[in-house]
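As stored in data_12.txt (compact mmCIF, C-alpha atoms and all ligand atoms):
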# COMPACT_ATOMS: atom_id res chain seq x y z
CA ALA A 184 71.51 4.32 -141.67
CA LEU A 185 70.00 4.43 -138.20
CA ILE A 186 70.91 1.40 -136.07
CA SER A 187 70.32 0.44 -132.47
CA LEU A 188 72.99 0.37 -129.78
CA ARG A 189 72.54 -3.40 -129.47
CA GLN A 190 73.24 -3.96 -133.18
CA LEU A 191 76.30 -1.72 -133.12
CA LEU A 192 77.84 -3.01 -129.89
CA ASP A 193 77.20 -6.67 -130.77
CA HIS A 194 79.37 -6.06 -133.83
CA ALA A 195 81.96 -4.21 -131.72
CA ALA A 196 82.12 -7.11 -129.24
CA GLU A 197 82.43 -9.68 -132.00
CA HIS A 198 85.34 -7.75 -133.51
CA SER A 199 86.85 -6.51 -130.19
CA TYR A 200 86.69 -2.76 -130.76
CA GLY A 201 85.26 0.20 -128.84
CA VAL A 202 82.99 2.99 -130.05
CA PRO A 203 83.29 6.57 -128.84
CA ALA A 204 79.89 8.05 -127.97
CA PHE A 205 80.19 11.79 -128.55
CA ASN A 206 77.71 14.24 -127.03
CA VAL A 207 76.07 16.47 -129.60
CA ASN A 208 74.40 19.86 -129.14
CA ASN A 209 75.04 21.75 -132.35
CA LEU A 210 75.79 21.58 -136.07
CA GLU A 211 79.55 21.95 -135.65
CA GLN A 212 79.86 18.94 -133.33
CA MET A 213 77.69 16.87 -135.64
CA ARG A 214 79.84 17.79 -138.69
CA ALA A 215 83.09 17.03 -136.84
CA ILE A 216 81.83 13.61 -135.72
CA MET A 217 80.42 12.63 -139.13
CA GLU A 218 83.32 13.88 -141.27
CA ALA A 219 85.77 12.01 -139.03
CA ALA A 220 83.63 8.85 -139.19
CA ASP A 221 83.37 9.17 -142.96
CA GLU A 222 87.14 9.54 -143.38
CA THR A 223 87.89 6.55 -141.13
CA ASP A 224 84.94 4.36 -142.12
CA SER A 225 83.69 4.24 -138.53
CA PRO A 226 80.22 3.51 -137.12
CA VAL A 227 78.87 6.36 -134.98
CA ILE A 228 77.13 6.84 -131.64
CA VAL A 229 75.83 10.37 -131.12
CA GLN A 230 74.22 11.08 -127.79
CA ALA A 231 72.00 13.91 -126.66
CA SER A 232 71.62 14.90 -123.04
CA ALA A 233 68.64 16.66 -121.48
CA GLY A 234 70.80 19.79 -121.61
CA ALA A 235 71.28 19.31 -125.36
CA ARG A 236 67.52 19.08 -125.92
CA LYS A 237 67.04 22.23 -123.88
CA TYR A 238 69.77 24.06 -125.80
CA ALA A 239 68.84 23.09 -129.35
CA GLY A 240 65.19 22.18 -128.86
CA ALA A 241 64.00 18.62 -129.47
CA PRO A 242 62.97 19.11 -133.14
CA PHE A 243 66.27 20.76 -134.12
CA LEU A 244 68.28 18.11 -132.29
CA ARG A 245 66.31 15.29 -133.89
CA HIS A 246 66.65 16.73 -137.38
CA LEU A 247 70.34 17.45 -136.86
CA ILE A 248 70.93 13.74 -136.33
CA LEU A 249 68.56 12.76 -139.14
CA ALA A 250 70.41 15.19 -141.44
CA ALA A 251 73.68 13.46 -140.60
CA ILE A 252 72.16 10.13 -141.57
CA GLU A 253 70.86 11.62 -144.81
CA GLU A 254 74.21 13.16 -145.77
CA PHE A 255 76.22 10.05 -144.79
CA PRO A 256 73.87 7.15 -145.70
CA HIS A 257 76.71 4.62 -145.72
CA ILE A 258 77.65 5.28 -142.05
CA PRO A 259 75.73 3.37 -139.35
CA VAL A 260 74.51 5.87 -136.75
CA CYS A 261 73.08 5.11 -133.31
CA MET A 262 70.96 7.96 -131.99
CA HIS A 263 71.26 7.66 -128.23
CA GLN A 264 69.69 9.56 -125.35
CA ASP A 265 72.29 10.22 -122.63
CA HIS A 266 71.39 10.12 -118.90
CA GLY A 267 67.59 9.90 -118.93
CA THR A 268 66.33 10.58 -115.43
CA SER A 269 62.88 8.98 -115.72
CA PRO A 270 60.89 6.47 -117.79
CA ALA A 271 58.80 9.40 -119.11
CA ILE A 272 61.90 11.11 -120.54
CA CYS A 273 62.99 7.85 -122.18
CA GLN A 274 59.50 7.37 -123.62
CA ARG A 275 59.62 10.84 -125.14
CA SER A 276 62.98 10.07 -126.79
CA ILE A 277 61.64 6.81 -128.19
CA GLN A 278 58.73 8.79 -129.68
CA LEU A 279 61.25 11.25 -131.15
CA GLY A 280 62.93 8.39 -133.01
CA PHE A 281 65.99 7.65 -130.89
CA SER A 282 67.35 4.12 -131.44
CA SER A 283 68.76 3.86 -127.92
CA VAL A 284 68.09 5.40 -124.53
CA MET A 285 69.94 5.52 -121.24
CA MET A 286 67.82 5.14 -118.13
CA ASP A 287 70.13 6.43 -115.40
CA GLY A 288 68.34 5.05 -112.35
CA SER A 289 71.46 5.38 -110.22
CA LEU A 290 70.05 8.81 -109.45
CA GLN A 291 66.56 9.96 -108.52
CA GLU A 292 64.45 11.98 -110.94
CA ASP A 293 66.21 15.21 -109.95
CA GLY A 294 69.34 13.77 -111.60
CA LYS A 295 71.30 14.54 -108.43
CA THR A 296 70.29 12.48 -105.42
CA PRO A 297 71.60 8.89 -105.32
CA ALA A 298 68.75 6.39 -105.70
CA SER A 299 68.24 3.02 -104.05
CA TYR A 300 69.08 -0.20 -105.86
CA ASP A 301 65.42 -1.25 -105.91
CA TYR A 302 64.38 2.06 -107.48
CA ASN A 303 67.08 1.65 -110.14
CA VAL A 304 65.91 -1.89 -110.97
CA ASP A 305 62.27 -0.80 -111.11
CA VAL A 306 62.62 2.21 -113.44
CA THR A 307 65.19 0.50 -115.68
CA ARG A 308 63.07 -2.65 -116.06
CA ARG A 309 60.08 -0.51 -117.07
CA VAL A 310 62.13 1.33 -119.71
CA VAL A 311 63.48 -1.94 -121.14
CA GLU A 312 59.93 -3.29 -121.49
CA MET A 313 58.81 -0.15 -123.32
CA ALA A 314 61.95 0.30 -125.46
CA HIS A 315 62.38 -3.30 -126.56
CA ALA A 316 58.78 -3.35 -127.80
CA CYS A 317 59.89 -0.57 -130.21
CA GLY A 318 63.25 -2.08 -131.22
CA VAL A 319 65.10 0.49 -129.13
CA SER A 320 68.12 -0.43 -126.97
CA VAL A 321 68.60 0.50 -123.31
CA GLU A 322 71.67 1.46 -121.31
CA GLY A 323 71.46 1.33 -117.51
CA GLU A 324 73.88 2.58 -114.88
CA LEU A 325 75.04 0.87 -111.75
CA GLY A 326 77.47 2.32 -109.27
CA CYS A 327 78.79 5.66 -108.27
CA LEU A 328 80.60 7.64 -110.94
CA GLY A 329 82.83 9.56 -108.59
CA SER A 330 86.40 10.66 -108.29
CA LEU A 331 88.66 7.92 -107.01
CA GLU A 332 91.43 10.40 -106.37
CA THR A 333 89.51 12.42 -103.82
CA GLY A 334 87.19 9.65 -102.69
CA GLN A 335 84.36 12.02 -103.39
CA ALA A 336 81.37 11.34 -105.49
CA GLY A 337 81.33 13.25 -108.75
CA GLU A 338 79.15 16.19 -109.62
CA GLU A 339 76.62 13.82 -111.16
CA ASP A 340 75.94 12.10 -107.87
CA GLY A 341 75.26 15.31 -106.01
CA VAL A 342 76.82 13.84 -102.92
CA GLY A 343 79.27 16.71 -102.71
CA ALA A 344 82.16 17.17 -100.35
CA GLU A 345 80.54 15.37 -97.43
CA GLY A 346 80.02 12.20 -99.44
CA THR A 347 83.47 10.70 -99.04
CA LEU A 348 83.58 7.06 -100.04
CA SER A 349 86.27 4.42 -100.14
CA HIS A 350 87.83 3.28 -103.42
CA ASP A 351 85.92 0.00 -103.36
CA GLN A 352 82.53 1.59 -102.69
CA LEU A 353 82.97 3.70 -105.79
CA LEU A 354 83.36 0.70 -108.11
CA THR A 355 80.46 -1.30 -109.54
CA ASP A 356 80.03 -4.64 -107.77
CA PRO A 357 80.15 -7.61 -110.21
CA GLU A 358 77.52 -9.64 -108.30
CA GLU A 359 75.16 -6.69 -108.21
CA ALA A 360 75.77 -6.13 -111.94
CA ALA A 361 74.76 -9.73 -112.67
CA ASP A 362 71.60 -9.36 -110.55
CA PHE A 363 70.76 -6.00 -112.16
CA VAL A 364 71.10 -7.37 -115.69
CA ALA A 365 69.03 -10.47 -114.86
CA LYS A 366 66.25 -8.29 -113.41
CA THR A 367 66.23 -5.52 -116.05
CA GLY A 368 67.41 -7.02 -119.35
CA VAL A 369 69.50 -3.95 -120.31
CA ASP A 370 71.58 -4.11 -123.50
CA ALA A 371 74.42 -2.04 -122.07
CA LEU A 372 75.55 -1.09 -118.59
CA ALA A 373 77.44 2.00 -117.48
CA ILE A 374 79.86 0.92 -114.76
CA ALA A 375 81.91 2.83 -112.21
CA ILE A 376 85.53 1.82 -112.84
CA GLY A 377 87.49 4.89 -111.86
CA THR A 378 86.23 7.71 -114.07
CA SER A 379 84.14 10.78 -113.34
CA HIS A 380 82.40 13.40 -115.48
CA GLY A 381 83.81 16.75 -116.53
CA ALA A 382 87.23 18.37 -116.97
CA TYR A 383 88.36 17.99 -113.36
CA LYS A 384 89.04 14.28 -113.01
CA PHE A 385 92.58 14.31 -111.60
CA SER A 386 94.67 17.14 -110.23
CA ARG A 387 98.00 15.39 -110.85
CA PRO A 388 99.32 13.64 -113.99
CA PRO A 389 97.92 10.09 -114.12
CA THR A 390 100.49 7.41 -113.43
CA GLY A 391 98.87 4.60 -115.40
CA ASP A 392 96.49 2.95 -112.96
CA ILE A 393 93.37 4.99 -113.33
CA LEU A 394 91.03 2.30 -114.58
CA ALA A 395 90.16 -0.67 -112.39
CA ILE A 396 91.03 -3.20 -115.10
CA GLU A 397 90.59 -6.22 -112.80
CA ARG A 398 87.09 -4.99 -111.97
CA ILE A 399 86.24 -4.56 -115.66
CA LYS A 400 87.31 -8.18 -116.25
CA GLU A 401 85.24 -9.45 -113.29
CA ILE A 402 82.12 -7.56 -114.39
CA ASN A 403 82.54 -8.63 -118.02
CA ALA A 404 82.86 -12.29 -116.97
CA ARG A 405 79.58 -12.08 -115.01
CA ILE A 406 77.54 -10.32 -117.74
CA PRO A 407 79.07 -11.48 -121.04
CA ASN A 408 76.01 -10.54 -123.13
CA THR A 409 75.65 -7.01 -121.78
CA HIS A 410 77.92 -4.34 -123.22
CA LEU A 411 80.05 -2.30 -120.84
CA VAL A 412 79.90 1.49 -121.03
CA MET A 413 82.47 3.88 -119.64
CA HIS A 414 81.26 7.39 -118.85
CA GLY A 415 83.62 10.27 -118.07
CA SER A 416 86.11 9.12 -120.71
CA SER A 417 87.55 12.45 -121.79
CA SER A 418 91.34 12.60 -121.88
CA VAL A 419 91.48 16.38 -121.23
CA PRO A 420 94.10 17.17 -123.92
CA GLN A 421 96.94 19.20 -122.39
CA ASP A 422 97.66 20.93 -125.71
CA TRP A 423 94.14 22.36 -125.84
CA LEU A 424 94.31 23.46 -122.18
CA ALA A 425 97.52 25.32 -123.08
CA VAL A 426 95.85 27.01 -126.06
CA ILE A 427 92.85 28.07 -123.97
CA ASN A 428 95.08 29.53 -121.25
CA GLU A 429 97.43 31.19 -123.76
CA TYR A 430 94.52 33.11 -125.27
CA GLY A 431 92.84 34.47 -122.17
CA GLY A 432 91.34 31.37 -120.58
CA GLU A 433 91.77 30.45 -116.93
CA ILE A 434 91.56 26.70 -116.51
CA PRO A 435 93.51 25.25 -113.57
CA GLU A 436 95.86 22.28 -113.92
CA THR A 437 93.79 19.15 -114.54
CA TYR A 438 94.04 15.72 -116.17
CA GLY A 439 91.73 13.16 -117.75
CA VAL A 440 91.82 9.49 -118.69
CA PRO A 441 94.81 8.73 -120.96
CA VAL A 442 93.80 7.23 -124.32
CA GLU A 443 96.12 4.23 -123.69
CA GLU A 444 94.12 3.37 -120.56
CA ILE A 445 90.85 3.50 -122.48
CA VAL A 446 92.37 1.19 -125.09
CA GLU A 447 93.31 -1.20 -122.26
CA GLY A 448 89.70 -1.02 -121.02
CA ILE A 449 88.42 -1.86 -124.51
CA LYS A 450 90.71 -4.94 -124.55
CA HIS A 451 88.90 -6.14 -121.45
CA GLY A 452 85.33 -5.51 -122.55
CA VAL A 453 84.49 -1.79 -122.59
CA ARG A 454 82.50 -1.09 -125.77
CA LYS A 455 80.90 2.36 -125.48
CA VAL A 456 83.17 5.22 -124.46
CA ASN A 457 81.40 8.50 -123.56
CA ILE A 458 83.19 11.71 -124.54
CA ASP A 459 81.89 15.25 -124.17
CA THR A 460 84.47 17.40 -122.35
CA ASP A 461 87.29 16.85 -124.91
CA LEU A 462 85.22 18.33 -127.74
CA ARG A 463 84.20 21.25 -125.52
CA LEU A 464 87.86 22.02 -124.73
CA ALA A 465 88.98 21.76 -128.37
CA SER A 466 86.10 23.95 -129.48
CA THR A 467 86.80 26.64 -126.90
CA GLY A 468 90.54 26.63 -127.62
CA ALA A 469 89.90 27.01 -131.34
CA VAL A 470 87.54 29.97 -130.86
CA ARG A 471 89.82 31.76 -128.40
CA ARG A 472 92.85 31.37 -130.64
CA PHE A 473 91.06 32.41 -133.81
CA LEU A 474 89.49 35.52 -132.33
CA ALA A 475 92.74 36.58 -130.63
CA ASN A 476 94.63 36.22 -133.91
CA ASN A 477 91.88 37.79 -136.04
CA PRO A 478 90.49 40.67 -133.95
CA ALA A 479 88.73 42.33 -136.89
CA GLU A 480 86.88 39.16 -137.93
CA PHE A 481 83.18 38.95 -137.07
CA ASP A 482 81.74 36.28 -139.37
CA PRO A 483 80.79 33.44 -136.98
CA ARG A 484 81.35 30.90 -139.77
CA LYS A 485 85.05 31.73 -139.68
CA TYR A 486 85.57 30.79 -136.05
CA LEU A 487 82.98 28.02 -135.98
CA LYS A 488 84.82 26.37 -138.88
CA GLU A 489 87.88 26.33 -136.64
CA THR A 490 85.89 24.47 -133.97
CA VAL A 491 84.87 21.81 -136.50
CA LYS A 492 88.52 21.32 -137.47
CA ALA A 493 89.63 21.08 -133.83
CA MET A 494 86.88 18.67 -132.77
CA LYS A 495 87.32 16.56 -135.90
CA GLU A 496 91.00 15.93 -135.07
CA ILE A 497 89.96 14.49 -131.71
CA CYS A 498 87.21 12.36 -133.26
CA LEU A 499 89.67 10.98 -135.84
CA ALA A 500 92.20 10.12 -133.13
CA ARG A 501 89.59 8.30 -131.00
CA TYR A 502 88.14 6.33 -133.95
CA GLU A 503 91.67 5.15 -134.79
CA ALA A 504 92.78 4.43 -131.21
CA PHE A 505 89.61 2.55 -130.20
CA GLY A 506 89.68 0.32 -133.31
CA THR A 507 86.38 1.77 -134.53
CA ALA A 508 87.94 2.74 -137.87
CA GLY A 509 87.21 0.40 -140.74
CA ASN A 510 84.08 -1.06 -139.15
CA ALA A 511 81.32 1.03 -140.74
O1 LIG B 1 77.15 13.42 -118.71
C1 LIG B 1 76.93 14.56 -119.07
C2 LIG B 1 77.34 15.02 -120.42
O2 LIG B 1 78.67 15.51 -120.38
C3 LIG B 1 76.35 16.02 -120.94
O3 LIG B 1 76.47 17.24 -120.30
O4 LIG B 1 74.20 17.70 -119.39
O5 LIG B 1 75.81 19.58 -119.81
O6 LIG B 1 74.73 18.38 -121.73
P1 LIG B 1 75.22 18.29 -120.30
P1 LIG B 2 83.36 13.50 -120.08
O1 LIG B 2 82.91 14.63 -119.21
O2 LIG B 2 84.59 12.84 -119.52
O3 LIG B 2 83.55 13.90 -121.49
O4 LIG B 2 82.21 12.38 -120.04
C1 LIG B 2 81.02 12.54 -120.79
C2 LIG B 2 79.95 11.55 -120.42
O5 LIG B 2 80.15 10.60 -119.70
C3 LIG B 2 78.61 11.79 -121.00
O6 LIG B 2 77.65 10.88 -120.53
NA NA B 3 74.65 7.29 -122.10
ZN ZN B 4 77.78 10.27 -118.49

Turn the structure described in the file into structure tokens.
Amino acid sequence: ALISLRQLLDHAAEHSYGVPAFNVNNLEQMRAIMEAADETDSPVIVQASAGARKYAGAPFLRHLILAAIEEFPHIPVCMHQDHGTSPAICQRSIQLGFSSVMMDGSLQEDGKTPASYDYNVDVTRRVVEMAHACGVSVEGELGCLGSLETGQAGEEDGVGAEGTLSHDQLLTDPEEAADFVAKTGVDALAIAIGTSHGAYKFSRPPTGDILAIERIKEINARIPNTHLVMHGSSSVPQDWLAVINEYGGEIPETYGVPVEEIVEGIKHGVRKVNIDTDLRLASTGAVRRFLANNPAEFDPRKYLKETVKAMKEICLARYEAFGTAGNA
């Protein structure tokens, strides 16, 4: 059944678990996510970016998610729009039947240039007004999702190499979070706590202090009724990197957020955990390996089935680790 983000995360908060929010673009991702949820009895958040809508087309994307709900009627599914860059985009998703939208007002409408705090409050408040009238939840974003290792803002922020910031400037400010929530009424808030988008988060193996746990606690204490969201939560599995590179890929040494750190974040209030890159890596590794080992094969179903298997293993592991399992 379709449920809102508020309904799902209220339950997660009450029972102290986290929910992975997997990005979805195609049938194989959708199958991997749903089969893993079915096997572990987990509630689901699937999220579609603007890029996903462009790739699949809005009607296909919408029906892909509706098909999942039809095939797995016993699994609660939140249909979430990831990183909306304007109230108009959020409105369109609400019309399409999404049960949750993200208004990312941390950036201007180009999705690149950092926006002012007042702009963020204004667009987010307008989306909350519109969405809540339709029973749809809203996620906002506050702070700069950059790379703490390099002190540079992430790709998302478009600040680039010249935008070097200090560690503290990159983290969401708890006072500002409280003010933002009071002014906008968002159901969930994406916070900057040490993660960044994509496969290139850290160039050296993480030593165990990637997430700003103290900051998570401080923010959670100030906005106890707003659910915390962690973007850039891929763990960048080293085994899949090795498979990709063994079979012709060229991905440089890189590391993500260890699952144990995410679990620690969940203990201190993180509820929605955004994952895209990990499924991309697993999918690519599976295709490269299959085609290298089966050079005469040309039925796409053969190698796409391998991607479902690879992505499903990751989904299963996250549902178990985050405590999502058993809560459907
Ligand atoms: O935050 C971005 C997500 O990883 C979606 O990526 O815009 O390439 O679909 P995308
Ligand atoms: P990753 O790139 O770490 O998978 O993060 C995805 C994300 O935050 C989508 O909004
Ligand atoms: Na989102
Ligand atoms: Zn994101």

Near region 457-466 of chain A, within 7 Å and counting all atoms listed in the file, which residues show up once chain neighbours fewer than 6 positions away are dropped, as a CSV table (one decimal) with C-alpha atoms, in the coordinates of the input?
chain,number,residue,atom,x,y,z
A,203,PRO,CA,83.3,6.6,-128.8
A,204,ALA,CA,79.9,8.0,-128.0
A,205,PHE,CA,80.2,11.8,-128.6
A,206,ASN,CA,77.7,14.2,-127.0
A,381,GLY,CA,83.8,16.8,-116.5
A,382,ALA,CA,87.2,18.4,-117.0
A,413,MET,CA,82.5,3.9,-119.6
A,414,HIS,CA,81.3,7.4,-118.8
A,415,GLY,CA,83.6,10.3,-118.1
A,416,SER,CA,86.1,9.1,-120.7
A,417,SER,CA,87.6,12.4,-121.8
A,418,SER,CA,91.3,12.6,-121.9
A,419,VAL,CA,91.5,16.4,-121.2
A,420,PRO,CA,94.1,17.2,-123.9
A,423,TRP,CA,94.1,22.4,-125.8
A,490,THR,CA,85.9,24.5,-134.0
A,493,ALA,CA,89.6,21.1,-133.8
A,494,MET,CA,86.9,18.7,-132.8

Would you pick out the contacts of region 366-377 of chain A at 9 Å or less, using all atoms listed in the file, so that residues sharing its chain but fewer than 2 positions from it are not included, and give the list as a PyMOL selection string?
chain A and resi 188-189+192+285+287+304-312+320-332+350+353-356+360-364+379+393-396+398-399+402+408-414+454-455

Among A:Gly452, A:Gly509, A:Gly267, A:Gly431, ligand ZN 4 (chain B) is approached most closely, using only C-alpha atoms and all ligand atoms, by A:Gly267

At most 6 Å from ligand LIG 1 (chain B) (all atoms listed in the file): residue list as a list of chain:residue names
A:Ser232, A:Gly234, A:Ala235, A:Asp459

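Relative to CA of Pro256 (chain A), CA of Met217 (chain A) is found at 10.8 Å.
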
Across A:Ser199, A:Thr507, A:Ser276, A:Asn428, the smallest distance to Ala469 (chain A), with all atoms listed in the file counted, is shown by A:Asn428

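The nearest approach to ligand LIG 2 (chain B) among the residues A:Thr223, A:Thr467, A:Gln230, A:Gln291, with all atoms listed in the file taken into account, belongs to A:Gln230.
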
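The smallest atom-to-atom distance between ligand ZN 4 (chain B) and any of A:Cys273, A:Ala508, A:Ile434, A:Leu290, using all atoms listed in the file, is found for A:Leu290.
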
Is there a way to complete region 359-384 of chain A with N, CA and C atoms and then write that out as a PDB file, keeping the file's coordinate frame?
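What landed in result-v7.pdb:
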ATOM      1  N   GLU A 359      76.310  -7.564-108.057  1.00  0.00           N
ATOM      2  CA  GLU A 359      75.160  -6.690-108.210  1.00  0.00           C
ATOM      3  C   GLU A 359      74.872  -6.439-109.693  1.00  0.00           C
ATOM      4  N   ALA A 360      75.937  -6.328-110.494  1.00  0.00           N
ATOM      5  CA  ALA A 360      75.770  -6.130-111.940  1.00  0.00           C
ATOM      6  C   ALA A 360      75.026  -7.323-112.548  1.00  0.00           C
ATOM      7  N   ALA A 361      75.406  -8.523-112.134  1.00  0.00           N
ATOM      8  CA  ALA A 361      74.760  -9.730-112.670  1.00  0.00           C
ATOM      9  C   ALA A 361      73.278  -9.753-112.279  1.00  0.00           C
ATOM     10  N   ASP A 362      72.993  -9.399-111.032  1.00  0.00           N
ATOM     11  CA  ASP A 362      71.600  -9.360-110.550  1.00  0.00           C
ATOM     12  C   ASP A 362      70.800  -8.292-111.300  1.00  0.00           C
ATOM     13  N   PHE A 363      71.413  -7.138-111.481  1.00  0.00           N
ATOM     14  CA  PHE A 363      70.760  -6.000-112.160  1.00  0.00           C
ATOM     15  C   PHE A 363      70.397  -6.361-113.600  1.00  0.00           C
ATOM     16  N   VAL A 364      71.331  -6.991-114.295  1.00  0.00           N
ATOM     17  CA  VAL A 364      71.100  -7.370-115.690  1.00  0.00           C
ATOM     18  C   VAL A 364      70.005  -8.447-115.776  1.00  0.00           C
ATOM     19  N   ALA A 365      70.050  -9.405-114.859  1.00  0.00           N
ATOM     20  CA  ALA A 365      69.030 -10.470-114.860  1.00  0.00           C
ATOM     21  C   ALA A 365      67.646  -9.869-114.625  1.00  0.00           C
ATOM     22  N   LYS A 366      67.556  -8.865-113.761  1.00  0.00           N
ATOM     23  CA  LYS A 366      66.250  -8.290-113.410  1.00  0.00           C
ATOM     24  C   LYS A 366      65.748  -7.269-114.433  1.00  0.00           C
ATOM     25  N   THR A 367      66.659  -6.611-115.152  1.00  0.00           N
ATOM     26  CA  THR A 367      66.230  -5.520-116.050  1.00  0.00           C
ATOM     27  C   THR A 367      66.287  -5.869-117.534  1.00  0.00           C
ATOM     28  N   GLY A 368      67.256  -6.693-117.930  1.00  0.00           N
ATOM     29  CA  GLY A 368      67.410  -7.020-119.350  1.00  0.00           C
ATOM     30  C   GLY A 368      68.038  -5.901-120.175  1.00  0.00           C
ATOM     31  N   VAL A 369      68.851  -5.035-119.552  1.00  0.00           N
ATOM     32  CA  VAL A 369      69.500  -3.950-120.310  1.00  0.00           C
ATOM     33  C   VAL A 369      70.473  -4.499-121.352  1.00  0.00           C
ATOM     34  N   ASP A 370      70.650  -3.730-122.432  1.00  0.00           N
ATOM     35  CA  ASP A 370      71.580  -4.110-123.500  1.00  0.00           C
ATOM     36  C   ASP A 370      73.004  -3.678-123.166  1.00  0.00           C
ATOM     37  N   ALA A 371      73.109  -2.596-122.409  1.00  0.00           N
ATOM     38  CA  ALA A 371      74.420  -2.040-122.070  1.00  0.00           C
ATOM     39  C   ALA A 371      74.367  -1.512-120.649  1.00  0.00           C
ATOM     40  N   LEU A 372      75.517  -1.533-119.977  1.00  0.00           N
ATOM     41  CA  LEU A 372      75.550  -1.090-118.590  1.00  0.00           C
ATOM     42  C   LEU A 372      76.735  -0.147-118.345  1.00  0.00           C
ATOM     43  N   ALA A 373      76.399   1.048-117.865  1.00  0.00           N
ATOM     44  CA  ALA A 373      77.440   2.000-117.480  1.00  0.00           C
ATOM     45  C   ALA A 373      77.957   1.579-116.112  1.00  0.00           C
ATOM     46  N   ILE A 374      79.276   1.407-116.011  1.00  0.00           N
ATOM     47  CA  ILE A 374      79.860   0.920-114.760  1.00  0.00           C
ATOM     48  C   ILE A 374      80.849   1.947-114.204  1.00  0.00           C
ATOM     49  N   ALA A 375      80.951   1.946-112.883  1.00  0.00           N
ATOM     50  CA  ALA A 375      81.910   2.830-112.210  1.00  0.00           C
ATOM     51  C   ALA A 375      83.214   2.059-112.078  1.00  0.00           C
ATOM     52  N   ILE A 376      84.233   2.514-112.810  1.00  0.00           N
ATOM     53  CA  ILE A 376      85.530   1.820-112.840  1.00  0.00           C
ATOM     54  C   ILE A 376      86.686   2.796-112.713  1.00  0.00           C
ATOM     55  N   GLY A 377      86.401   3.952-112.128  1.00  0.00           N
ATOM     56  CA  GLY A 377      87.490   4.890-111.860  1.00  0.00           C
ATOM     57  C   GLY A 377      87.397   6.219-112.574  1.00  0.00           C
ATOM     58  N   THR A 378      86.348   6.433-113.361  1.00  0.00           N
ATOM     59  CA  THR A 378      86.230   7.710-114.070  1.00  0.00           C
ATOM     60  C   THR A 378      85.156   8.586-113.434  1.00  0.00           C
ATOM     61  N   SER A 379      85.181   9.859-113.784  1.00  0.00           N
ATOM     62  CA  SER A 379      84.140  10.780-113.340  1.00  0.00           C
ATOM     63  C   SER A 379      83.898  11.797-114.461  1.00  0.00           C
ATOM     64  N   HIS A 380      82.754  12.457-114.415  1.00  0.00           N
ATOM     65  CA  HIS A 380      82.400  13.400-115.480  1.00  0.00           C
ATOM     66  C   HIS A 380      83.185  14.716-115.385  1.00  0.00           C
ATOM     67  N   GLY A 381      83.297  15.391-116.525  1.00  0.00           N
ATOM     68  CA  GLY A 381      83.810  16.750-116.530  1.00  0.00           C
ATOM     69  C   GLY A 381      85.315  16.867-116.745  1.00  0.00           C
ATOM     70  N   ALA A 382      85.810  18.098-116.678  1.00  0.00           N
ATOM     71  CA  ALA A 382      87.230  18.370-116.970  1.00  0.00           C
ATOM     72  C   ALA A 382      88.130  18.106-115.765  1.00  0.00           C
ATOM     73  N   TYR A 383      87.525  18.073-114.561  1.00  0.00           N
ATOM     74  CA  TYR A 383      88.360  17.990-113.360  1.00  0.00           C
ATOM     75  C   TYR A 383      88.360  16.589-112.768  1.00  0.00           C
ATOM     76  N   LYS A 384      89.017  15.681-113.446  1.00  0.00           N
ATOM     77  CA  LYS A 384      89.040  14.280-113.010  1.00  0.00           C
ATOM     78  C   LYS A 384      90.188  14.043-112.037  1.00  0.00           C
TER      79      LYS A 384
END
